[in-house]
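See below for entry-v1.txt, which holds compact mmCIF, C-alpha atoms.
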# COMPACT_ATOMS: atom_id res chain seq x y z
CA MET A 1 -7.62 9.13 -23.61
CA HIS A 2 -5.78 9.56 -20.38
CA GLY A 3 -5.89 12.06 -17.53
CA GLU A 4 -4.19 12.20 -14.14
CA TYR A 5 -4.69 14.30 -11.05
CA LYS A 6 -2.87 14.11 -7.75
CA THR A 7 -4.62 15.60 -4.76
CA PRO A 8 -2.01 17.81 -3.03
CA GLY A 9 -0.72 15.81 -0.07
CA GLY A 10 -2.91 12.92 -1.23
CA LYS A 11 -2.98 10.25 -3.88
CA LEU A 12 -2.95 9.97 -7.65
CA VAL A 13 -6.15 9.35 -9.61
CA VAL A 14 -5.79 8.15 -13.19
CA VAL A 15 -8.66 8.05 -15.66
CA ASP A 16 -8.51 6.22 -18.97
CA LEU A 17 -11.54 6.46 -21.22
CA GLU A 18 -12.86 6.53 -24.74
CA VAL A 19 -15.56 8.69 -26.28
CA GLU A 20 -18.49 7.17 -28.11
CA ASP A 21 -21.41 9.23 -29.43
CA LYS A 22 -20.09 12.18 -27.42
CA ARG A 23 -20.35 10.19 -24.21
CA LEU A 24 -17.77 8.64 -21.85
CA ALA A 25 -17.15 4.99 -22.62
CA ARG A 26 -14.84 2.22 -21.36
CA VAL A 27 -13.95 4.30 -18.31
CA MET A 28 -11.19 3.01 -16.03
CA VAL A 29 -10.46 4.80 -12.77
CA SER A 30 -7.18 3.73 -11.18
CA GLY A 31 -4.50 5.06 -8.88
CA ASP A 32 -2.62 4.65 -5.62
CA PHE A 33 -5.55 5.74 -3.47
CA PHE A 34 -7.35 3.78 -0.76
CA LEU A 35 -11.02 2.93 -0.95
CA TYR A 36 -13.05 0.85 1.50
CA PRO A 37 -14.89 -1.24 0.54
CA GLU A 38 -13.00 -1.92 -2.67
CA GLU A 39 -16.11 -2.75 -4.69
CA ALA A 40 -17.15 0.92 -4.57
CA LEU A 41 -14.82 1.48 -7.52
CA GLU A 42 -17.19 -0.41 -9.82
CA GLY A 43 -20.04 1.94 -8.92
CA ILE A 44 -17.85 4.98 -9.55
CA THR A 45 -16.83 3.70 -12.96
CA ALA A 46 -20.42 2.86 -13.85
CA ALA A 47 -21.60 6.33 -12.79
CA LEU A 48 -19.15 8.00 -15.17
CA THR A 49 -19.87 5.73 -18.12
CA GLY A 50 -22.37 7.30 -20.50
CA LEU A 51 -22.08 10.87 -19.20
CA PRO A 52 -21.93 13.54 -21.93
CA ILE A 53 -18.41 14.71 -22.76
CA GLU A 54 -19.42 18.33 -22.10
CA SER A 55 -20.15 17.51 -18.42
CA ASP A 56 -18.23 19.99 -16.30
CA GLU A 57 -16.19 19.20 -13.20
CA GLY A 58 -19.09 19.86 -10.86
CA GLU A 59 -21.46 17.58 -12.76
CA LEU A 60 -18.87 14.80 -12.92
CA ALA A 61 -18.08 15.11 -9.21
CA ARG A 62 -21.77 15.01 -8.28
CA ALA A 63 -22.32 11.90 -10.42
CA VAL A 64 -19.41 10.17 -8.68
CA ALA A 65 -20.54 11.30 -5.22
CA ARG A 66 -24.04 9.91 -5.81
CA ALA A 67 -22.53 6.52 -6.73
CA ILE A 68 -20.64 6.22 -3.45
CA PRO A 69 -22.67 4.43 -0.76
CA LYS A 70 -22.81 5.86 2.71
CA GLY A 71 -20.05 4.52 4.93
CA THR A 72 -17.55 4.24 2.06
CA GLU A 73 -14.08 5.57 2.96
CA LEU A 74 -12.08 7.45 0.32
CA LEU A 75 -8.53 8.13 1.48
CA GLY A 76 -6.25 10.48 -0.44
CA PHE A 77 -8.78 11.38 -3.13
CA SER A 78 -12.34 12.60 -3.65
CA PRO A 79 -15.14 12.77 -6.23
CA GLU A 80 -13.70 16.15 -7.24
CA ALA A 81 -10.26 14.61 -7.86
CA ILE A 82 -11.82 12.00 -10.13
CA ALA A 83 -13.75 14.73 -11.95
CA ILE A 84 -10.54 16.70 -12.59
CA ALA A 85 -8.83 13.58 -13.97
CA VAL A 86 -11.81 12.98 -16.28
CA ARG A 87 -11.72 16.57 -17.55
CA ARG A 88 -7.97 16.24 -18.13
CA ALA A 89 -8.51 13.03 -20.10
CA LEU A 90 -11.04 14.86 -22.29
CA ALA A 91 -8.91 17.97 -22.76
CA MET B 1 14.77 19.29 6.61
CA SER B 2 13.74 17.85 9.93
CA LYS B 3 10.17 17.66 11.09
CA SER B 4 10.47 20.64 13.38
CA ASP B 5 11.75 22.82 10.53
CA SER B 6 8.79 22.13 8.34
CA ASP B 7 6.08 24.73 7.87
CA THR B 8 3.58 21.95 7.52
CA ALA B 9 4.79 19.94 10.51
CA ASP B 10 1.56 20.39 12.42
CA MET B 11 -0.48 19.10 9.52
CA ASN B 12 1.88 16.21 9.08
CA VAL B 13 2.02 14.93 12.62
CA ALA B 14 0.27 11.60 12.84
CA THR B 15 -1.67 11.37 16.06
CA TYR B 16 -3.97 8.81 17.65
CA PRO B 17 -5.32 8.48 21.18
CA ALA B 18 -2.46 7.51 23.49
CA GLU B 19 -4.54 4.85 25.26
CA ALA B 20 -4.44 2.80 22.05
CA ASP B 21 -0.81 1.97 22.89
CA GLU B 22 -2.09 -0.26 25.70
CA ARG B 23 -3.66 -2.57 23.14
CA TRP B 24 -0.35 -4.04 21.98
CA LYS B 25 -0.03 -5.94 25.25
CA GLN B 26 -3.67 -6.95 25.51
CA TYR B 27 -3.51 -9.65 22.84
CA ASP B 28 -1.56 -12.89 22.43
CA TRP B 29 0.65 -12.19 19.44
CA GLN B 30 2.42 -14.55 17.10
CA VAL B 31 5.55 -13.45 15.28
CA ILE B 32 6.32 -15.36 12.10
CA PRO B 33 9.89 -14.84 10.88
CA GLY B 34 8.89 -16.01 7.38
CA GLU B 35 10.40 -18.18 4.67
CA PRO B 36 11.29 -17.04 1.16
CA VAL B 37 8.33 -17.76 -1.12
CA ALA B 38 7.35 -16.85 -4.67
CA PRO B 39 5.78 -13.38 -4.94
CA PRO B 40 2.16 -14.49 -5.40
CA VAL B 41 2.46 -16.78 -2.35
CA ASN B 42 3.34 -13.79 -0.16
CA LEU B 43 0.20 -12.02 -1.35
CA ALA B 44 -1.93 -15.11 -0.87
CA LEU B 45 -0.59 -15.58 2.67
CA ASP B 46 -1.73 -12.03 3.42
CA GLU B 47 -5.27 -12.95 2.48
CA VAL B 48 -5.22 -16.30 4.28
CA LEU B 49 -3.81 -14.93 7.54
CA THR B 50 -6.19 -11.95 7.50
CA LYS B 51 -9.00 -14.46 7.15
CA THR B 52 -7.83 -16.79 9.92
CA VAL B 53 -7.31 -13.85 12.30
CA GLY B 54 -10.67 -12.43 11.26
CA GLN B 55 -12.33 -15.75 12.03
CA GLY B 56 -10.61 -15.96 15.39
CA ALA B 57 -8.75 -19.12 14.34
CA ARG B 58 -5.42 -17.35 14.76
CA THR B 59 -4.28 -14.73 17.26
CA PRO B 60 -2.96 -11.36 16.02
CA THR B 61 0.09 -11.98 13.91
CA LEU B 62 3.17 -10.22 12.61
CA ARG B 63 4.65 -11.94 9.57
CA ILE B 64 7.95 -10.93 8.01
CA TRP B 65 7.95 -11.41 4.23
CA ARG B 66 10.86 -13.11 2.50
CA TRP B 67 11.13 -13.09 -1.25
CA ALA B 68 12.24 -15.89 -3.55
CA ALA B 69 12.27 -13.64 -6.64
CA PRO B 70 12.12 -9.99 -7.72
CA CYS B 71 8.69 -8.58 -8.44
CA ILE B 72 6.54 -5.52 -8.79
CA VAL B 73 3.66 -5.40 -6.33
CA ILE B 74 0.96 -3.05 -7.55
CA GLY B 75 -1.87 -1.64 -5.45
CA ARG B 76 -5.40 -2.99 -5.59
CA PHE B 77 -6.62 -0.02 -7.67
CA GLN B 78 -3.64 0.51 -9.95
CA SER B 79 -3.57 -0.11 -13.67
CA VAL B 80 -0.75 -2.36 -14.86
CA GLN B 81 -0.12 -0.31 -18.01
CA ASN B 82 -0.02 2.95 -16.11
CA GLU B 83 2.42 1.69 -13.46
CA VAL B 84 4.61 -0.93 -15.07
CA GLN B 85 6.82 -1.15 -18.13
CA ALA B 86 5.66 -4.70 -18.63
CA GLU B 87 7.98 -5.62 -21.50
CA ASN B 88 11.04 -4.55 -19.53
CA ALA B 89 9.77 -6.35 -16.44
CA GLU B 90 9.30 -9.56 -18.37
CA ARG B 91 12.70 -9.29 -20.03
CA LEU B 92 14.33 -8.73 -16.63
CA GLY B 93 12.45 -11.60 -14.98
CA VAL B 94 10.42 -9.33 -12.72
CA GLN B 95 6.98 -10.77 -12.04
CA ILE B 96 3.98 -8.43 -11.72
CA VAL B 97 1.58 -9.19 -8.88
CA ARG B 98 -1.41 -7.33 -7.45
CA ARG B 99 -2.08 -7.07 -3.74
CA ILE B 100 -5.44 -6.75 -1.96
CA SER B 101 -4.66 -3.34 -0.46
CA GLY B 102 -4.62 0.05 -2.14
CA GLY B 103 -1.61 2.31 -2.44
CA GLY B 104 1.28 2.48 -4.86
CA ALA B 105 3.51 0.13 -6.83
CA MET B 106 6.66 -1.24 -5.24
CA PHE B 107 9.64 -2.68 -7.05
CA ILE B 108 10.96 -5.49 -4.88
CA GLN B 109 14.39 -7.01 -5.11
CA PRO B 110 14.63 -9.72 -2.45
CA GLU B 111 17.64 -8.23 -0.67
CA ASN B 112 16.52 -4.61 -0.98
CA ALA B 113 13.15 -4.61 0.74
CA ILE B 114 11.99 -5.17 4.29
CA THR B 115 8.31 -6.06 4.32
CA TRP B 116 5.93 -7.35 6.97
CA SER B 117 2.23 -7.77 7.58
CA ILE B 118 0.27 -7.18 10.74
CA HIS B 119 -3.02 -9.07 11.02
CA VAL B 120 -5.41 -7.97 13.73
CA PRO B 121 -9.11 -8.28 14.53
CA PRO B 122 -11.18 -5.09 14.06
CA SER B 123 -11.26 -4.61 17.85
CA PHE B 124 -7.56 -3.73 17.75
CA VAL B 125 -8.24 -0.52 15.80
CA GLU B 126 -11.73 0.15 17.16
CA GLY B 127 -12.48 3.83 17.72
CA LEU B 128 -9.59 4.95 15.51
CA SER B 129 -10.13 6.68 12.19
CA PHE B 130 -8.45 5.08 9.18
CA PRO B 131 -5.57 7.60 9.24
CA GLN B 132 -5.14 7.10 12.99
CA SER B 133 -5.02 3.34 12.56
CA TYR B 134 -2.24 3.65 9.98
CA ALA B 135 -0.12 5.77 12.32
CA PHE B 136 -0.91 3.49 15.26
CA LEU B 137 0.00 0.24 13.50
CA ASP B 138 3.34 1.69 12.33
CA SER B 139 4.16 3.52 15.58
CA TRP B 140 6.35 0.70 16.89
CA VAL B 141 8.53 0.70 13.79
CA VAL B 142 9.03 4.48 13.90
CA SER B 143 10.22 4.02 17.50
CA ALA B 144 12.51 1.17 16.43
CA LEU B 145 14.02 3.29 13.65
CA ARG B 146 14.67 6.07 16.15
CA GLU B 147 16.45 3.55 18.36
CA LEU B 148 18.65 2.78 15.36
CA GLY B 149 19.61 6.44 15.29
CA ILE B 150 17.39 7.48 12.40
CA ASP B 151 15.40 10.70 12.73
CA ALA B 152 12.20 9.01 11.54
CA TRP B 153 8.56 10.06 11.74
CA TYR B 154 5.20 9.24 10.21
CA ILE B 155 3.49 11.31 7.56
CA PRO B 156 -0.22 10.64 7.09
CA LEU B 157 -1.63 8.80 5.43
CA ASN B 158 0.88 6.03 5.09
CA ASP B 159 4.49 7.13 4.83
CA ILE B 160 7.44 6.45 7.10
CA THR B 161 9.94 9.16 6.41
CA SER B 162 13.13 10.59 7.90
CA ALA B 163 15.52 13.48 7.74
CA GLY B 164 17.44 11.32 5.24
CA GLY B 165 14.46 10.74 2.92
CA LYS B 166 11.42 8.52 2.65
CA ILE B 167 11.92 5.07 4.16
CA GLY B 168 8.71 3.18 3.57
CA GLY B 169 4.99 3.03 3.10
CA ALA B 170 2.05 1.10 4.47
CA ALA B 171 -1.26 -0.12 3.11
CA GLN B 172 -4.31 -1.63 4.73
CA ALA B 173 -7.08 -3.91 3.64
CA ARG B 174 -10.14 -4.60 5.76
CA ARG B 175 -11.75 -7.78 4.61
CA PHE B 176 -12.55 -11.32 5.65
CA GLY B 177 -13.46 -10.08 9.13
CA GLY B 178 -9.90 -8.91 9.79
CA VAL B 179 -7.57 -5.98 9.35
CA LEU B 180 -4.42 -6.30 7.26
CA HIS B 181 -1.72 -3.66 7.66
CA HIS B 182 1.42 -4.27 5.66
CA THR B 183 4.48 -2.09 5.36
CA THR B 184 7.51 -2.09 3.09
CA MET B 185 10.72 -0.23 3.82
CA ALA B 186 13.57 0.38 1.40
CA TYR B 187 16.74 -1.29 2.62
CA ASP B 188 18.61 -0.55 -0.57
CA MET B 189 17.61 0.49 -4.04
CA ASP B 190 18.67 0.26 -7.63
CA PRO B 191 17.14 3.42 -9.13
CA THR B 192 18.32 2.58 -12.64
CA LEU B 193 16.58 -0.78 -12.63
CA MET B 194 13.54 0.66 -10.86
CA LEU B 195 13.05 3.30 -13.54
CA GLN B 196 13.28 0.56 -16.19
CA VAL B 197 10.35 -1.39 -14.77
CA LEU B 198 8.12 1.23 -13.14
CA ARG B 199 6.50 4.26 -14.70
CA ILE B 200 6.76 7.36 -12.56
CA GLY B 201 4.80 10.18 -14.13
CA GLN B 202 5.26 13.87 -13.58
CA GLU B 203 1.81 14.25 -12.04
CA LYS B 204 2.72 11.89 -9.22
CA LEU B 205 5.66 14.13 -8.32
CA SER B 206 3.69 17.33 -8.82
CA ASP B 207 3.41 18.21 -5.13
CA LYS B 208 6.80 16.87 -4.10
CA GLY B 209 8.95 19.66 -5.50
CA LEU B 210 11.56 17.13 -6.59
CA ARG B 211 12.56 15.91 -9.98
CA SER B 212 13.30 12.25 -9.61
CA ALA B 213 11.85 9.40 -7.64
CA ASP B 214 15.10 8.07 -6.20
CA LYS B 215 15.99 11.39 -4.59
CA ARG B 216 12.95 11.14 -2.37
CA VAL B 217 14.12 7.88 -0.80
CA GLY B 218 16.55 7.34 2.07
CA PRO B 219 17.22 3.58 2.15
CA LEU B 220 18.09 2.00 5.49
CA ARG B 221 21.39 0.58 4.31
CA GLN B 222 22.59 4.09 3.55
CA GLN B 223 21.22 5.44 6.82
CA THR B 224 22.45 2.69 9.17
CA ASN B 225 25.27 0.73 7.50
CA LEU B 226 23.70 -2.35 9.09
CA PRO B 227 23.08 -5.66 7.30
CA ARG B 228 19.46 -6.20 6.28
CA ASP B 229 19.04 -9.24 8.53
CA THR B 230 20.31 -7.26 11.51
CA ILE B 231 17.59 -4.66 10.96
CA ILE B 232 14.91 -7.34 10.55
CA ASP B 233 16.07 -9.08 13.74
CA PHE B 234 16.01 -5.77 15.56
CA LEU B 235 12.45 -5.07 14.38
CA ILE B 236 11.32 -8.52 15.53
CA ASP B 237 13.05 -7.93 18.86
CA ARG B 238 11.35 -4.55 19.41
CA PHE B 239 7.96 -5.88 18.35
CA THR B 240 8.32 -8.85 20.66
CA ALA B 241 9.32 -6.61 23.55
CA LEU B 242 6.25 -4.43 22.90
CA THR B 243 3.70 -7.21 22.52
CA GLY B 244 5.12 -10.15 24.44
CA GLY B 245 4.56 -12.11 21.21
CA GLN B 246 5.68 -15.70 20.74
CA PRO B 247 7.44 -17.13 17.68
CA GLY B 248 4.89 -18.65 15.31
CA ARG B 249 4.60 -20.24 11.93
CA VAL B 250 2.26 -20.48 8.99
CA THR B 251 0.33 -23.73 9.51
CA ASP B 252 0.27 -26.44 6.85
CA THR B 253 -3.42 -25.75 6.29
CA GLU B 254 -2.77 -22.03 5.84
CA MET B 255 0.05 -22.73 3.38
CA ALA B 256 -2.18 -25.13 1.43
CA ASP B 257 -4.91 -22.48 1.33
CA ALA B 258 -2.38 -19.95 0.10
CA GLU B 259 -1.23 -22.28 -2.68
CA THR B 260 -4.84 -22.71 -3.74
CA LEU B 261 -5.32 -18.92 -3.75
CA VAL B 262 -2.26 -18.56 -5.98
CA GLN B 263 -3.88 -20.92 -8.48
CA GLU B 264 -7.27 -19.25 -8.28
CA LYS B 265 -6.38 -15.60 -7.80
CA PHE B 266 -2.93 -14.16 -7.16
CA GLY B 267 -1.18 -16.12 -9.90
CA THR B 268 -3.87 -15.46 -12.52
CA GLN B 269 -3.89 -12.91 -15.33
CA GLU B 270 -7.48 -12.10 -14.43
CA TRP B 271 -6.49 -10.77 -11.00
CA THR B 272 -3.18 -9.20 -12.00
CA TYR B 273 -4.81 -7.38 -14.91
CA LEU B 274 -8.01 -6.57 -13.00
CA LEU B 275 -7.31 -2.98 -14.02
CA PRO B 276 -5.29 -3.47 -17.21

Show me the file's structure as structure tokens.
Amino acid sequence: MHGEYKTPGGKLVVVDLEVEDKRLARVMVSGDFFLYPEEALEGITAALTGLPIESDEGELARAVARAIPKGTELLGFSPEAIAIAVRRALA
Amino acid sequence: MSKSDSDTADMNVATYPAEADERWKQYDWQVIPGEPVAPPVNLALDEVLTKTVGQGARTPTLRIWRWAAPCIVIGRFQSVQNEVQAENAERLGVQIVRRISGGGAMFIQPENAITWSIHVPPSFVEGLSFPQSYAFLDSWVVSALRELGIDAWYIPLNDITSAGGKIGGAAQARRFGGVLHHTTMAYDMDPTLMLQVLRIGQEKLSDKGLRSADKRVGPLRQQTNLPRDTIIDFLIDRFTALTGGQPGRVTDTEMADAETLVQEKFGTQEWTYLLP
């Protein structure tokens, strides 16, 4: 399943995932955004994996935000943008 | 539409503290005119030179990229399947490589792109936000384009644009103790071939108000009627005038390190398909 969301004036976030036992599985977050340090992407992906498919945008965004260490720079996207792309993938 | 006509001009103006401009002259720069190398070698050289500058073994450096073959360079966080029509790329002899910086995919034909890297220590961008550092590190090229008669300006985060369309884009990586800022400008383009090898989805264009990717671009050949090498020489000349930089070269050790990195990273499926 595949969802995309482009932050207006910002960058594209793409989410590819599968659903297993009504939970997010094999999540891949990609796009033309900038993220420093780069390894933060692994934490974001891990935070989404296993969440129930009925999680709403707010819940998804909070899960992503919690997985982002202080001092991480997200340029052109946000936890909310990732959450929208996840919801679109599930729609 | 020129910058001054735009409703969003104020939002789009890239600003950074003016005193930063003094920094260009405060370092001993090297300017490397570059030799054509295979695509993964260019990416490996980026990592090696960022490292040597970060370690203080090399002074700040501008390196012009030359290409020995066509390729698609995808951003650090992009998925190959989502960005590239891999079967077409393979059939057309276009290699897929992944760079260490974020941002979007570029389709490179050796004679159609003008690409360079700037390697600086963190002190060079100290006190600047990330967006400010992008605008700062590309400010000299916007000035150079204006000297060529192009009405060019910078749009945050990372676009060089003009009244005639988008010209180029930049990306940064901050690793290995150094800062890498590389920029590619379109000299010419083959939209038909580009659309055969890249995937450009509707969502990406959703806030552009335009239907096709090629219409957004204003290549330099079209805007200047100058040969590509003339533009590159002019950029080197303006950069040298700004920084007082001296001609430099990639050392044998750096090239050997780059070749090793091609074997271990940039030429491997594992790295290229990091996000499949």

Taking a cut-off of 7 Å and counting all atoms listed in the file, can you build a table that, for each residue of chain A near chain B, reports the nearest atom pair and how far apart they are in Å (one decimal), sorted by chain then residue number, as a tab-separated table?
residue	atom	partner	partner_atom	distance
A:Glu4	CA	B:Glu203	CA	6.7
A:Tyr5	CA	B:Glu203	CA	6.6
A:Lys6	CA	B:Lys204	CA	6.2
A:Pro8	CA	B:Asp207	CA	5.8
A:Gly9	CA	B:Asp207	CA	7.0
A:Leu12	CA	B:Lys204	CA	6.2
A:Ser30	CA	B:Gln78	CA	4.9
A:Gly31	CA	B:Gln78	CA	4.8
A:Asp32	CA	B:Gly103	CA	4.1
A:Phe33	CA	B:Gly103	CA	5.3
A:Phe34	CA	B:Gly102	CA	4.8

*Which residue out of A:Val27, A:Leu41, A:Leu35, A:Ala65 has the minimum interatomic distance to Val86 of chain A when all atoms listed in the file are used?*
A:Val27

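As for atom CA of Ala258 of chain B and atom CA of Val29 of chain A, they are spaced 29.0 Å apart.
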
Please identify all polymer residues within 12 Å of segment 50-55 of chain A, counting only C-alpha atoms, omitting same-chain residues fewer than 6 positions from it, and present them as a CSV table (one decimal) with C-alpha atoms, keeping the file's coordinate frame.
chain,number,residue,atom,x,y,z
A,17,LEU,CA,-11.5,6.5,-21.2
A,18,GLU,CA,-12.9,6.5,-24.7
A,19,VAL,CA,-15.6,8.7,-26.3
A,20,GLU,CA,-18.5,7.2,-28.1
A,21,ASP,CA,-21.4,9.2,-29.4
A,22,LYS,CA,-20.1,12.2,-27.4
A,23,ARG,CA,-20.4,10.2,-24.2
A,24,LEU,CA,-17.8,8.6,-21.8
A,25,ALA,CA,-17.2,5.0,-22.6
A,26,ARG,CA,-14.8,2.2,-21.4
A,27,VAL,CA,-14.0,4.3,-18.3
A,61,ALA,CA,-18.1,15.1,-9.2
A,62,ARG,CA,-21.8,15.0,-8.3
A,63,ALA,CA,-22.3,11.9,-10.4
A,64,VAL,CA,-19.4,10.2,-8.7
A,83,ALA,CA,-13.8,14.7,-12.0
A,84,ILE,CA,-10.5,16.7,-12.6
A,86,VAL,CA,-11.8,13.0,-16.3
A,87,ARG,CA,-11.7,16.6,-17.6
A,88,ARG,CA,-8.0,16.2,-18.1
A,89,ALA,CA,-8.5,13.0,-20.1
A,90,LEU,CA,-11.0,14.9,-22.3
A,91,ALA,CA,-8.9,18.0,-22.8

_Could you tell me how far atom CA of Thr183 of chain B sits from atom CA of Val142 of chain B, in Å to one decimal place?_
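Distance reported for this atom pair: 11.7 Å.
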
*Tell me, in Å to one decimal, how far atom CA of Ala81 of chain A is from atom CA of Ile160 of chain B.*
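Those two atoms sit 24.6 Å apart.
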
_Long-range neighbours of segment 166-170 of chain B as a ChimeraX atom specification, 10 Å cut-off, all atoms listed in the file, 4 positions minimum in chain_ = /B:101-104,106,113-117,134-135,137-138,145,152-155,157-162,181-188,214-220,223

_Which of A:Ile68, A:Leu60, A:Leu75, A:Ile82 sits closest to Met28 of chain A [using all atoms listed in the file]_ =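 Distance minimum relative to Met28 of chain A lands on A:Ile82.
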
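Among the candidates B:Leu128, B:Ala163, B:Val120, B:Val48, the one nearest to Leu62 of chain B when counting all atoms listed in the file is B:Val120.
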